[in-house]
file target08.cif (mmCIF, C-alpha atoms)
data_data
#
loop_
_atom_site.group_PDB
_atom_site.id
_atom_site.type_symbol
_atom_site.label_atom_id
_atom_site.label_comp_id
_atom_site.auth_asym_id
_atom_site.auth_seq_id
_atom_site.Cartn_x
_atom_site.Cartn_y
_atom_site.Cartn_z
ATOM 1 C CA MET A 162 102.706 102.877 103.387
ATOM 2 C CA LYS A 163 103.157 99.721 105.458
ATOM 3 C CA SER A 164 100.936 97.050 103.998
ATOM 4 C CA VAL A 165 100.850 94.211 106.569
ATOM 5 C CA ARG A 166 99.618 94.771 110.121
ATOM 6 C CA VAL A 167 101.161 92.540 112.787
ATOM 7 C CA VAL A 168 100.256 92.472 116.478
ATOM 8 C CA VAL A 169 102.358 90.846 119.200
ATOM 9 C CA VAL A 170 100.411 90.068 122.380
ATOM 10 C CA GLY A 171 102.522 90.078 125.556
ATOM 11 C CA ALA A 172 105.136 92.479 126.962
ATOM 12 C CA GLY A 173 107.454 90.084 128.808
ATOM 13 C CA VAL A 174 110.898 89.112 127.580
ATOM 14 C CA ILE A 175 109.373 86.732 125.004
ATOM 15 C CA GLY A 176 106.965 89.334 123.638
ATOM 16 C CA PHE A 177 109.430 92.193 123.342
ATOM 17 C CA SER A 178 112.205 89.983 121.922
ATOM 18 C CA THR A 179 109.777 88.724 119.285
ATOM 19 C CA ALA A 180 108.448 92.191 118.491
ATOM 20 C CA VAL A 181 111.974 93.586 118.047
ATOM 21 C CA CYS A 182 112.970 90.736 115.728
ATOM 22 C CA ILE A 183 109.885 91.258 113.550
ATOM 23 C CA VAL A 184 109.978 95.063 113.335
ATOM 24 C CA GLU A 185 113.703 95.154 112.521
ATOM 25 C CA ALA A 186 113.566 92.374 109.928
ATOM 26 C CA LEU A 187 110.297 93.325 108.204
ATOM 27 C CA PRO A 188 110.205 97.122 107.749
ATOM 28 C CA PHE A 189 107.218 96.832 105.400
ATOM 29 C CA CYS A 190 105.110 95.566 108.314
ATOM 30 C CA SER A 191 103.350 97.746 110.851
ATOM 31 C CA VAL A 192 104.095 96.073 114.207
ATOM 32 C CA THR A 193 102.117 96.758 117.383
ATOM 33 C CA LEU A 194 102.906 95.249 120.774
ATOM 34 C CA MET A 195 99.830 94.950 122.973
ATOM 35 C CA ALA A 196 99.590 93.962 126.647
ATOM 36 C CA ASP A 197 97.785 94.901 129.838
ATOM 37 C CA LYS A 198 101.017 94.892 131.904
ATOM 38 C CA PHE A 199 104.444 96.297 131.123
ATOM 39 C CA SER A 200 107.756 96.461 132.983
ATOM 40 C CA PRO A 201 108.159 96.578 135.972
ATOM 41 C CA ASP A 202 104.936 94.583 136.398
ATOM 42 C CA THR A 203 105.634 91.516 134.237
ATOM 43 C CA THR A 204 106.742 88.058 135.354
ATOM 44 C CA SER A 205 109.963 88.566 133.384
ATOM 45 C CA ASP A 206 110.961 91.476 135.625
ATOM 46 C CA GLY A 207 111.698 89.097 138.490
ATOM 47 C CA ALA A 208 113.636 86.537 136.474
ATOM 48 C CA ALA A 209 117.161 85.662 137.591
ATOM 49 C CA GLY A 210 118.093 85.788 133.931
ATOM 50 C CA ILE A 211 121.079 83.418 134.113
ATOM 51 C CA LEU A 212 121.634 81.545 130.865
ATOM 52 C CA PHE A 213 121.618 77.755 131.118
ATOM 53 C CA ALA A 214 118.854 75.354 130.198
ATOM 54 C CA ALA A 215 116.934 72.154 130.738
ATOM 55 C CA GLN A 216 116.077 69.790 127.905
ATOM 56 C CA PHE A 217 112.462 69.625 126.766
ATOM 57 C CA PRO A 218 111.240 66.079 126.037
ATOM 58 C CA ASP A 219 109.360 66.486 122.754
ATOM 59 C CA ILE A 220 111.302 69.142 120.859
ATOM 60 C CA PRO A 221 114.166 68.083 118.556
ATOM 61 C CA LEU A 222 117.465 68.646 120.308
ATOM 62 C CA GLN A 223 118.904 70.525 117.352
ATOM 63 C CA ARG A 224 116.080 73.055 117.568
ATOM 64 C CA GLN A 225 116.765 73.555 121.283
ATOM 65 C CA ARG A 226 120.475 73.991 120.531
ATOM 66 C CA CYS A 227 119.648 76.709 118.030
ATOM 67 C CA TRP A 228 117.392 78.498 120.516
ATOM 68 C CA PHE A 229 120.116 78.526 123.158
ATOM 69 C CA LYS A 230 122.959 79.476 120.815
ATOM 70 C CA ASP A 231 120.995 82.289 119.172
ATOM 71 C CA SER A 232 120.058 83.722 122.564
ATOM 72 C CA PHE A 233 123.588 83.380 123.956
ATOM 73 C CA ASP A 234 125.215 84.962 120.891
ATOM 74 C CA HIS A 235 122.731 87.841 120.945
ATOM 75 C CA LEU A 236 123.330 88.665 124.615
ATOM 76 C CA LEU A 237 127.093 88.104 124.392
ATOM 77 C CA ALA A 238 127.257 90.667 121.586
ATOM 78 C CA ILE A 239 125.476 93.136 123.866
ATOM 79 C CA THR A 240 128.042 92.604 126.655
ATOM 80 C CA GLN A 241 130.784 93.464 124.156
ATOM 81 C CA SER A 242 129.080 96.705 123.114
ATOM 82 C CA GLN A 243 128.555 100.100 124.677
ATOM 83 C CA CYS A 244 124.906 99.141 125.242
ATOM 84 C CA ALA A 245 125.778 96.635 127.999
ATOM 85 C CA PRO A 246 125.166 98.894 131.051
ATOM 86 C CA GLU A 247 121.881 100.278 129.699
ATOM 87 C CA ALA A 248 120.676 96.809 128.636
ATOM 88 C CA GLY A 249 121.590 95.174 131.955
ATOM 89 C CA VAL A 250 123.524 92.269 130.414
ATOM 90 C CA MET A 251 126.792 90.972 131.906
ATOM 91 C CA LEU A 252 129.036 87.919 132.138
ATOM 92 C CA SER A 253 128.592 85.735 135.227
ATOM 93 C CA SER A 254 130.632 82.765 136.466
ATOM 94 C CA GLY A 255 129.393 80.075 138.822
ATOM 95 C CA TRP A 256 128.623 76.452 139.602
ATOM 96 C CA GLN A 257 125.658 74.165 139.068
ATOM 97 C CA ILE A 258 125.694 71.404 141.682
ATOM 98 C CA PHE A 259 123.830 68.094 141.945
ATOM 99 C CA LYS A 260 123.046 65.776 144.849
ATOM 100 C CA GLU A 261 123.351 62.819 142.485
ATOM 101 C CA VAL A 262 125.447 62.393 139.369
ATOM 102 C CA PRO A 263 123.182 63.251 136.417
ATOM 103 C CA ALA A 264 122.729 60.867 133.503
ATOM 104 C CA VAL A 265 124.085 63.549 131.166
ATOM 105 C CA LYS A 266 127.230 65.151 132.571
ATOM 106 C CA LYS A 267 127.701 67.570 129.679
ATOM 107 C CA PRO A 268 124.364 69.142 128.703
ATOM 108 C CA PHE A 269 123.636 70.232 125.143
ATOM 109 C CA TRP A 270 124.289 73.881 125.956
ATOM 110 C CA SER A 271 127.753 73.272 127.453
ATOM 111 C CA GLU A 272 129.573 74.007 124.186
ATOM 112 C CA PHE A 273 128.043 77.475 123.915
ATOM 113 C CA VAL A 274 128.851 78.877 127.376
ATOM 114 C CA ILE A 275 132.425 79.899 128.219
ATOM 115 C CA GLY A 276 134.924 77.559 129.852
ATOM 116 C CA PHE A 277 132.551 74.713 130.727
ATOM 117 C CA ARG A 278 134.193 72.024 132.892
ATOM 118 C CA LEU A 279 133.321 69.563 135.635
ATOM 119 C CA MET A 280 133.978 70.692 139.196
ATOM 120 C CA THR A 281 136.954 69.185 141.009
ATOM 121 C CA ASP A 282 136.696 67.142 144.225
ATOM 122 C CA VAL A 283 138.281 70.044 146.095
ATOM 123 C CA GLU A 284 135.587 72.437 144.875
ATOM 124 C CA LEU A 285 132.805 69.974 145.752
ATOM 125 C CA LYS A 286 134.044 69.699 149.358
ATOM 126 C CA ARG A 287 132.338 73.015 150.005
ATOM 127 C CA PHE A 288 129.003 71.300 149.328
ATOM 128 C CA PRO A 289 129.135 67.995 151.258
ATOM 129 C CA ASP A 290 125.575 66.966 150.310
ATOM 130 C CA HIS A 291 126.366 67.172 146.598
ATOM 131 C CA LYS A 292 128.221 64.624 144.481
ATOM 132 C CA PHE A 293 128.641 66.396 141.155
ATOM 133 C CA GLY A 294 128.991 69.872 139.734
ATOM 134 C CA GLN A 295 129.636 71.920 136.623
ATOM 135 C CA ALA A 296 131.601 75.181 136.422
ATOM 136 C CA PHE A 297 131.168 77.696 133.620
ATOM 137 C CA THR A 298 130.883 81.348 132.685
ATOM 138 C CA THR A 299 127.582 82.393 131.188
ATOM 139 C CA LEU A 300 125.462 85.521 130.847
ATOM 140 C CA LYS A 301 123.149 87.274 133.261
ATOM 141 C CA CYS A 302 120.346 89.485 132.023
ATOM 142 C CA GLU A 303 118.662 91.876 134.467
ATOM 143 C CA CYS A 304 115.188 92.019 132.990
ATOM 144 C CA SER A 305 114.098 95.065 134.980
ATOM 145 C CA THR A 306 116.724 96.905 132.893
ATOM 146 C CA TYR A 307 116.658 94.766 129.751
ATOM 147 C CA LEU A 308 112.906 95.067 129.106
ATOM 148 C CA PRO A 309 112.857 98.905 129.005
ATOM 149 C CA TRP A 310 115.934 98.737 126.740
ATOM 150 C CA LEU A 311 114.123 96.354 124.386
ATOM 151 C CA GLU A 312 111.056 98.593 124.375
ATOM 152 C CA LYS A 313 113.216 101.591 123.464
ATOM 153 C CA ARG A 314 114.807 99.565 120.637
ATOM 154 C CA PHE A 315 111.359 98.454 119.441
ATOM 155 C CA ARG A 316 110.003 102.009 119.346
ATOM 156 C CA LYS A 317 113.129 103.312 117.616
ATOM 157 C CA ALA A 318 112.559 100.778 114.804
ATOM 158 C CA GLY A 319 109.028 102.080 114.309
ATOM 159 C CA GLY A 320 107.088 99.717 116.568
ATOM 160 C CA GLN A 321 103.950 100.880 118.341
ATOM 161 C CA VAL A 322 102.965 100.014 121.913
ATOM 162 C CA GLU A 323 99.411 99.810 123.223
ATOM 163 C CA GLN A 324 98.400 99.045 126.803
ATOM 164 C CA ARG A 325 95.235 96.995 126.564
ATOM 165 C CA LYS A 326 93.936 93.690 127.848
ATOM 166 C CA VAL A 327 93.218 91.237 125.052
ATOM 167 C CA ASN A 328 90.392 88.878 126.011
ATOM 168 C CA ASN A 329 90.181 86.873 122.796
ATOM 169 C CA LEU A 330 91.693 86.709 119.319
ATOM 170 C CA GLN A 331 88.447 87.759 117.666
ATOM 171 C CA GLU A 332 88.797 91.329 118.911
ATOM 172 C CA LEU A 333 92.113 91.648 117.035
ATOM 173 C CA SER A 334 91.062 90.121 113.731
ATOM 174 C CA ASN A 335 89.638 93.277 112.119
ATOM 175 C CA SER A 336 92.673 95.432 112.926
ATOM 176 C CA PHE A 337 95.553 93.041 112.175
ATOM 177 C CA ASP A 338 96.601 90.617 109.447
ATOM 178 C CA ILE A 339 98.892 88.415 111.589
ATOM 179 C CA ILE A 340 98.592 87.728 115.332
ATOM 180 C CA VAL A 341 101.662 86.662 117.334
ATOM 181 C CA ASN A 342 100.746 85.185 120.699
ATOM 182 C CA CYS A 343 103.411 85.692 123.386
ATOM 183 C CA SER A 344 100.923 85.967 126.249
ATOM 184 C CA GLY A 345 102.461 83.323 128.524
ATOM 185 C CA LEU A 346 99.946 82.206 131.138
ATOM 186 C CA GLY A 347 97.341 84.294 129.347
ATOM 187 C CA SER A 348 97.285 81.657 126.613
ATOM 188 C CA LYS A 349 95.186 79.477 128.875
ATOM 189 C CA VAL A 350 92.282 81.862 128.284
ATOM 190 C CA LEU A 351 93.337 83.563 125.054
ATOM 191 C CA VAL A 352 93.711 80.379 122.993
ATOM 192 C CA GLY A 353 92.288 77.756 125.376
ATOM 193 C CA ASP A 354 95.605 75.997 126.062
ATOM 194 C CA THR A 355 95.056 73.680 129.028
ATOM 195 C CA GLN A 356 98.707 72.546 128.983
ATOM 196 C CA VAL A 357 100.113 75.825 130.320
ATOM 197 C CA TYR A 358 100.346 76.155 134.111
ATOM 198 C CA PRO A 359 101.885 78.523 136.710
ATOM 199 C CA VAL A 360 104.963 77.774 138.841
ATOM 200 C CA ARG A 361 106.400 79.754 141.806
ATOM 201 C CA ASP A 362 108.115 79.404 145.213
ATOM 202 C CA THR A 363 110.115 82.136 147.154
ATOM 203 C CA LYS A 364 110.389 80.468 150.499
ATOM 204 C CA GLY A 365 111.831 77.258 149.055
ATOM 205 C CA ILE A 366 114.446 79.189 147.086
ATOM 206 C CA LEU A 367 115.664 80.991 150.216
ATOM 207 C CA GLU A 368 115.782 77.789 152.251
ATOM 208 C CA ARG A 369 117.786 75.898 149.630
ATOM 209 C CA CYS A 370 120.225 78.760 149.109
ATOM 210 C CA SER A 371 120.741 79.141 152.868
ATOM 211 C CA ARG A 372 121.697 75.476 153.167
ATOM 212 C CA LEU A 373 124.363 75.970 150.505
ATOM 213 C CA GLU A 374 125.528 79.352 151.793
ATOM 214 C CA PRO A 375 124.852 79.526 155.588
ATOM 215 C CA SER A 376 125.751 83.230 155.744
ATOM 216 C CA LEU A 377 122.384 83.939 154.097
ATOM 217 C CA ASN A 378 120.510 82.759 157.211
ATOM 218 C CA LYS A 379 120.987 86.097 158.958
ATOM 219 C CA ALA A 380 120.962 88.243 155.857
ATOM 220 C CA LYS A 381 118.531 91.147 155.814
ATOM 221 C CA ILE A 382 115.745 90.729 153.254
ATOM 222 C CA LEU A 383 115.483 94.047 151.426
ATOM 223 C CA SER A 384 112.499 93.076 149.291
ATOM 224 C CA GLU A 385 110.534 90.043 148.176
ATOM 225 C CA TRP A 386 109.088 89.351 144.740
ATOM 226 C CA VAL A 387 107.321 86.376 143.264
ATOM 227 C CA GLY A 388 105.992 85.751 139.783
ATOM 228 C CA LEU A 389 104.046 82.993 138.085
ATOM 229 C CA ARG A 390 106.229 81.363 135.451
ATOM 230 C CA PRO A 391 104.250 80.282 132.372
ATOM 231 C CA SER A 392 105.290 76.635 132.301
ATOM 232 C CA ARG A 393 104.450 73.905 129.828
ATOM 233 C CA LYS A 394 105.819 70.441 129.096
ATOM 234 C CA ASN A 395 107.252 71.935 125.909
ATOM 235 C CA PRO A 396 107.264 75.574 124.780
ATOM 236 C CA ARG A 397 104.787 76.223 122.008
ATOM 237 C CA VAL A 398 106.522 77.793 119.012
ATOM 238 C CA GLU A 399 104.338 77.085 116.010
ATOM 239 C CA ARG A 400 101.794 78.632 113.686
ATOM 240 C CA GLU A 401 98.237 77.900 112.680
ATOM 241 C CA VAL A 402 95.481 79.538 110.678
ATOM 242 C CA VAL A 403 92.391 80.411 112.722
ATOM 243 C CA GLU A 404 88.987 81.383 111.372
ATOM 244 C CA LEU A 405 88.202 84.769 112.963
ATOM 245 C CA GLN A 406 85.237 86.946 112.044
ATOM 246 C CA GLY A 407 84.709 84.873 108.929
ATOM 247 C CA ARG A 408 88.244 85.073 107.536
ATOM 248 C CA PRO A 409 91.425 82.986 107.960
ATOM 249 C CA VAL A 410 94.028 84.727 110.152
ATOM 250 C CA PRO A 411 97.589 83.408 110.691
ATOM 251 C CA VAL A 412 98.333 83.027 114.406
ATOM 252 C CA VAL A 413 101.931 82.361 115.487
ATOM 253 C CA HIS A 414 102.504 81.123 119.045
ATOM 254 C CA ASN A 415 105.605 81.650 121.200
ATOM 255 C CA TYR A 416 105.017 80.874 124.890
ATOM 256 C CA GLY A 417 105.362 78.275 127.634
ATOM 257 C CA HIS A 418 109.108 78.604 128.343
ATOM 258 C CA GLY A 419 108.732 78.172 132.115
ATOM 259 C CA GLY A 420 111.910 79.107 133.975
ATOM 260 C CA TRP A 421 113.893 79.354 130.737
ATOM 261 C CA GLY A 422 112.270 82.435 129.230
ATOM 262 C CA VAL A 423 115.308 84.713 129.315
ATOM 263 C CA THR A 424 117.582 81.846 128.251
ATOM 264 C CA LEU A 425 115.572 81.054 125.112
ATOM 265 C CA ALA A 426 113.840 84.359 124.341
ATOM 266 C CA TRP A 427 115.939 85.566 121.414
ATOM 267 C CA GLY A 428 116.256 82.102 119.909
ATOM 268 C CA THR A 429 112.519 81.422 119.911
ATOM 269 C CA ALA A 430 111.911 85.006 118.734
ATOM 270 C CA LEU A 431 114.014 84.323 115.622
ATOM 271 C CA ASP A 432 112.123 81.063 115.149
ATOM 272 C CA THR A 433 108.864 82.990 115.419
ATOM 273 C CA LEU A 434 110.099 85.533 112.878
ATOM 274 C CA GLY A 435 110.610 82.646 110.458
ATOM 275 C CA LEU A 436 107.037 81.506 111.035
ATOM 276 C CA VAL A 437 105.754 85.043 110.413
ATOM 277 C CA LYS A 438 107.708 85.099 107.139
ATOM 278 C CA GLN A 439 106.086 81.815 106.142
ATOM 279 C CA SER A 440 102.677 83.325 106.857
ATOM 280 C CA LEU A 441 103.528 86.349 104.711
ATOM 281 C CA CYS A 442 104.500 84.093 101.809
ATOM 282 C CA GLU A 443 101.170 82.278 102.036
ATOM 283 C CA MET A 444 99.291 85.590 102.173
ATOM 284 C CA ALA A 445 101.028 86.980 99.069
ATOM 285 C CA PRO A 446 98.784 86.995 95.987
ATOM 286 C CA GLN A 447 99.681 84.197 93.582
ATOM 287 C CA PRO A 448 100.250 85.134 89.934
ATOM 288 C CA LYS A 449 97.546 84.015 87.510
ATOM 289 C CA LEU A 450 98.563 81.736 84.671
#
call {"tool": "encode", "arguments": {"input": "target08.cif", "output": "structure tokens"}}
result
Amino acid sequence: MKSVRVVVVGAGVIGFSTAVCIVEALPFCSVTLMADKFSPDTTSDGAAGILFAAQFPDIPLQRQRCWFKDSFDHLLAITQSQCAPEAGVMLSSGWQIFKEVPAVKKPFWSEFVIGFRLMTDVELKRFPDHKFGQAFTTLKCECSTYLPWLEKRFRKAGGQVEQRKVNNLQELSNSFDIIVNCSGLGSKVLVGDTQVYPVRDTKGILERCSRLEPSLNKAKILSEWVGLRPSRKNPRVEREVVELQGRPVPVVHNYGHGGWGVTLAWGTALDTLGLVKQSLCEMAPQPKL
């Protein structure tokens, strides 16, 4: 019989990545993923899913490096397996261009992608308004395919899925021993985080892309989708103990990745797994002397 009950709140790429990591690593735990929306109705479903990153100001760089590397290695292994088509993960080559030369020409993640180099003057001539560029091969993850694949993997490992809106942590405290919050924007209400905020823009994306690639100006728009990215100055990946219904309950947070959710999902999920393990150690009965 599984002795510890864990609930993961949120069914986007952060939630399912975290739930898979926990259920596969801790078979003695009963893991339930709970959310009011599932694929194809999550913000993650519309993500471009191209792996590169920005640097967060208040998180140690080494921790960010680990997040990126763990995510990249995880997805790269999928591309080299027979699961690649079903999971929607593939290699993708391209450029990142800048109107001004950035202060950091080689970002921290450059050593993990494949074949990172600076663009040549000849290559930059195609983009006359831009002074600097980087060329590299990275990974692309189609979340509309990847999320159902993760859910299938989660269920196969014994995870349970429940479609339900969670309004507050108190309503979970009697049924679960550990709560893992991957609710994204929902954290504003769920845990009262005023630092999380939404970001979107489809029109601006199309206008900028059309300036770089004029052939898009007359392209037929087959469909339009917009989602609210759960942004934050820094992602929140940490744990706390909250008094719920008169008892202390470990709550582990993993949200606020903004536009870098797919890029960092597996890395922060492994980090979250470590925090869940710490909570389990603290919950274990101590031997009497």
call {"tool": "residues_around", "arguments": {"input": "target08.cif", "residues": "Val350 in chain A", "least_positions_apart": "4", "cutoff": "8 Å", "atoms": "all atoms listed in the file", "output": "list in words"}}
result
Asn328, Asn329 and Asp354 of chain A
call {"tool": "closest_residue", "arguments": {"input": "target08.cif", "among": "A:Cys227, A:Val265, A:Cys182, A:Leu300", "to": "Leu436 in chain A", "atoms": "only C-alpha atoms"}}
result
A:Cys182
call {"tool": "resolve_selection", "arguments": {"input": "target08.cif", "expression": "the PyMOL selection byres ((chain A and resi 297) around 7)", "output": "list in words"}}
result
Ser254, Gly255, Trp256, Val274, Ile275, Gly276, Phe277, Arg278, Gln295, Ala296, Thr298 and Thr299 of chain A
call {"tool": "closest_residue", "arguments": {"input": "target08.cif", "among": "A:Asp338, A:Arg397, A:Gly347, A:Cys244", "to": "Met444 in chain A", "atoms": "only C-alpha atoms"}}
result
A:Asp338
call {"tool": "atom_distance", "arguments": {"input": "target08.cif", "atom1": "CA of Cys190 in chain A", "atom2": "CA of Gly176 in chain A"}}
result
16.6 Å
call {"tool": "resolve_selection", "arguments": {"input": "target08.cif", "expression": "the PyMOL selection byres ((chain A and resi 401) around 8)", "output": "list of chain:residue names"}}
result
A:Glu399, A:Arg400, A:Val402, A:Val403, A:Pro411, A:Val412, A:Val413
call {"tool": "resolve_selection", "arguments": {"input": "target08.cif", "expression": "the PyMOL selection byres ((chain A and resi 344) around 12)", "output": "PyMOL selection string"}}
result
chain A and resi 168-177+179+194-199+203-205+326-330+340-343+345-354+357+390-392+397+413-418
call {"tool": "atom_distance", "arguments": {"input": "target08.cif", "atom1": "CA of Ser305 in chain A", "atom2": "CA of Thr355 in chain A"}}
result
29.2 Å
call {"tool": "residues_near_point", "arguments": {"input": "target08.cif", "point": "(107.3, 100.9, 122.2)", "cutoff": "12 Å", "atoms": "all atoms listed in the file", "output": "VMD selection string"}}
result
chain A and resid 169 172 176 to 178 180 to 181 184 192 to 196 199 to 200 308 to 324
call {"tool": "residues_near_point", "arguments": {"input": "target08.cif", "point": "(124.5, 69.5, 144.9)", "cutoff": "9 Å", "atoms": "only C-alpha atoms", "output": "number ranges by chain"}}
result
A: 257-261, 285, 288-294, 373
call {"tool": "closest_residue", "arguments": {"input": "target08.cif", "among": "A:Glu303, A:Asp282, A:Glu272, A:Glu247", "to": "Thr424 in chain A", "atoms": "only C-alpha atoms"}}
result
A:Glu303
call {"tool": "closest_residue", "arguments": {"input": "target08.cif", "among": "A:Cys302, A:Ser336, A:Gly422, A:Asp234", "to": "Phe273 in chain A", "atoms": "only C-alpha atoms"}}
result
A:Asp234
call {"tool": "residues_around", "arguments": {"input": "target08.cif", "residues": "Phe229 in chain A", "least_positions_apart": "4", "cutoff": "10 Å", "atoms": "all atoms listed in the file", "output": "tab-separated table (two decimals) with C-alpha atoms, keeping the file's coordinate frame"}}
result
chain	number	residue	atom	x	y	z
A	212	LEU	CA	121.63	81.54	130.86
A	213	PHE	CA	121.62	77.76	131.12
A	214	ALA	CA	118.85	75.35	130.20
A	223	GLN	CA	118.90	70.53	117.35
A	224	ARG	CA	116.08	73.06	117.57
A	225	GLN	CA	116.76	73.56	121.28
A	233	PHE	CA	123.59	83.38	123.96
A	234	ASP	CA	125.22	84.96	120.89
A	235	HIS	CA	122.73	87.84	120.94
A	269	PHE	CA	123.64	70.23	125.14
A	270	TRP	CA	124.29	73.88	125.96
A	273	PHE	CA	128.04	77.47	123.92
A	274	VAL	CA	128.85	78.88	127.38
A	421	TRP	CA	113.89	79.35	130.74
A	423	VAL	CA	115.31	84.71	129.32
A	424	THR	CA	117.58	81.85	128.25
A	425	LEU	CA	115.57	81.05	125.11
A	426	ALA	CA	113.84	84.36	124.34
A	427	TRP	CA	115.94	85.57	121.41
A	428	GLY	CA	116.26	82.10	119.91
A	429	THR	CA	112.52	81.42	119.91
call {"tool": "atom_distance", "arguments": {"input": "target08.cif", "atom1": "CA of Ser271 in chain A", "atom2": "CA of Trp228 in chain A"}}
result
13.5 Å
call {"tool": "closest_residue", "arguments": {"input": "target08.cif", "among": "A:Pro375, A:Pro218, A:Pro359, A:Pro246", "to": "Arg287 in chain A", "atoms": "all atoms listed in the file"}}
result
A:Pro375
call {"tool": "build_atoms", "arguments": {"input": "target08.cif", "residues": "range 179-185 of chain A", "atoms": "all heavy atoms", "output": "PDB file, keeping the file's coordinate frame"}}
result
ATOM      1  N   THR A 179     110.433  89.080 120.544  1.00  0.00           N
ATOM      2  CA  THR A 179     109.777  88.724 119.285  1.00  0.00           C
ATOM      3  C   THR A 179     109.404  89.964 118.484  1.00  0.00           C
ATOM      4  O   THR A 179     109.622  90.024 117.267  1.00  0.00           O
ATOM      5  CB  THR A 179     108.518  87.880 119.582  1.00  0.00           C
ATOM      6  OG1 THR A 179     108.895  86.709 120.325  1.00  0.00           O
ATOM      7  CG2 THR A 179     107.819  87.478 118.304  1.00  0.00           C
ATOM      8  N   ALA A 180     108.857  90.957 119.168  1.00  0.00           N
ATOM      9  CA  ALA A 180     108.448  92.191 118.491  1.00  0.00           C
ATOM     10  C   ALA A 180     109.639  92.910 117.868  1.00  0.00           C
ATOM     11  O   ALA A 180     109.552  93.413 116.733  1.00  0.00           O
ATOM     12  CB  ALA A 180     107.735  93.106 119.483  1.00  0.00           C
ATOM     13  N   VAL A 181     110.767  92.949 118.583  1.00  0.00           N
ATOM     14  CA  VAL A 181     111.974  93.586 118.047  1.00  0.00           C
ATOM     15  C   VAL A 181     112.469  92.849 116.801  1.00  0.00           C
ATOM     16  O   VAL A 181     112.799  93.469 115.783  1.00  0.00           O
ATOM     17  CB  VAL A 181     113.082  93.656 119.120  1.00  0.00           C
ATOM     18  CG1 VAL A 181     114.424  94.049 118.493  1.00  0.00           C
ATOM     19  CG2 VAL A 181     112.711  94.655 120.211  1.00  0.00           C
ATOM     20  N   CYS A 182     112.518  91.525 116.886  1.00  0.00           N
ATOM     21  CA  CYS A 182     112.970  90.736 115.728  1.00  0.00           C
ATOM     22  C   CYS A 182     112.107  90.997 114.502  1.00  0.00           C
ATOM     23  O   CYS A 182     112.618  91.157 113.387  1.00  0.00           O
ATOM     24  CB  CYS A 182     112.961  89.242 116.066  1.00  0.00           C
ATOM     25  SG  CYS A 182     114.321  88.703 117.112  1.00  0.00           S
ATOM     26  N   ILE A 183     110.800  91.067 114.684  1.00  0.00           N
ATOM     27  CA  ILE A 183     109.885  91.258 113.550  1.00  0.00           C
ATOM     28  C   ILE A 183     110.003  92.665 112.975  1.00  0.00           C
ATOM     29  O   ILE A 183     110.148  92.849 111.760  1.00  0.00           O
ATOM     30  CB  ILE A 183     108.429  90.972 113.980  1.00  0.00           C
ATOM     31  CG1 ILE A 183     108.256  89.495 114.346  1.00  0.00           C
ATOM     32  CG2 ILE A 183     107.456  91.360 112.862  1.00  0.00           C
ATOM     33  CD1 ILE A 183     106.909  89.160 114.964  1.00  0.00           C
ATOM     34  N   VAL A 184     109.987  93.683 113.838  1.00  0.00           N
ATOM     35  CA  VAL A 184     109.978  95.063 113.335  1.00  0.00           C
ATOM     36  C   VAL A 184     111.301  95.416 112.651  1.00  0.00           C
ATOM     37  O   VAL A 184     111.318  96.186 111.683  1.00  0.00           O
ATOM     38  CB  VAL A 184     109.649  96.055 114.475  1.00  0.00           C
ATOM     39  CG1 VAL A 184     110.839  96.278 115.402  1.00  0.00           C
ATOM     40  CG2 VAL A 184     109.151  97.384 113.916  1.00  0.00           C
ATOM     41  N   GLU A 185     112.405  94.843 113.133  1.00  0.00           N
ATOM     42  CA  GLU A 185     113.703  95.154 112.521  1.00  0.00           C
ATOM     43  C   GLU A 185     113.921  94.386 111.221  1.00  0.00           C
ATOM     44  O   GLU A 185     114.599  94.878 110.317  1.00  0.00           O
ATOM     45  CB  GLU A 185     114.833  94.867 113.511  1.00  0.00           C
ATOM     46  CG  GLU A 185     114.866  95.845 114.686  1.00  0.00           C
ATOM     47  CD  GLU A 185     116.029  95.621 115.634  1.00  0.00           C
ATOM     48  OE1 GLU A 185     116.716  94.577 115.515  1.00  0.00           O
ATOM     49  OE2 GLU A 185     116.244  96.472 116.511  1.00  0.00           O
TER      50      GLU A 185
END
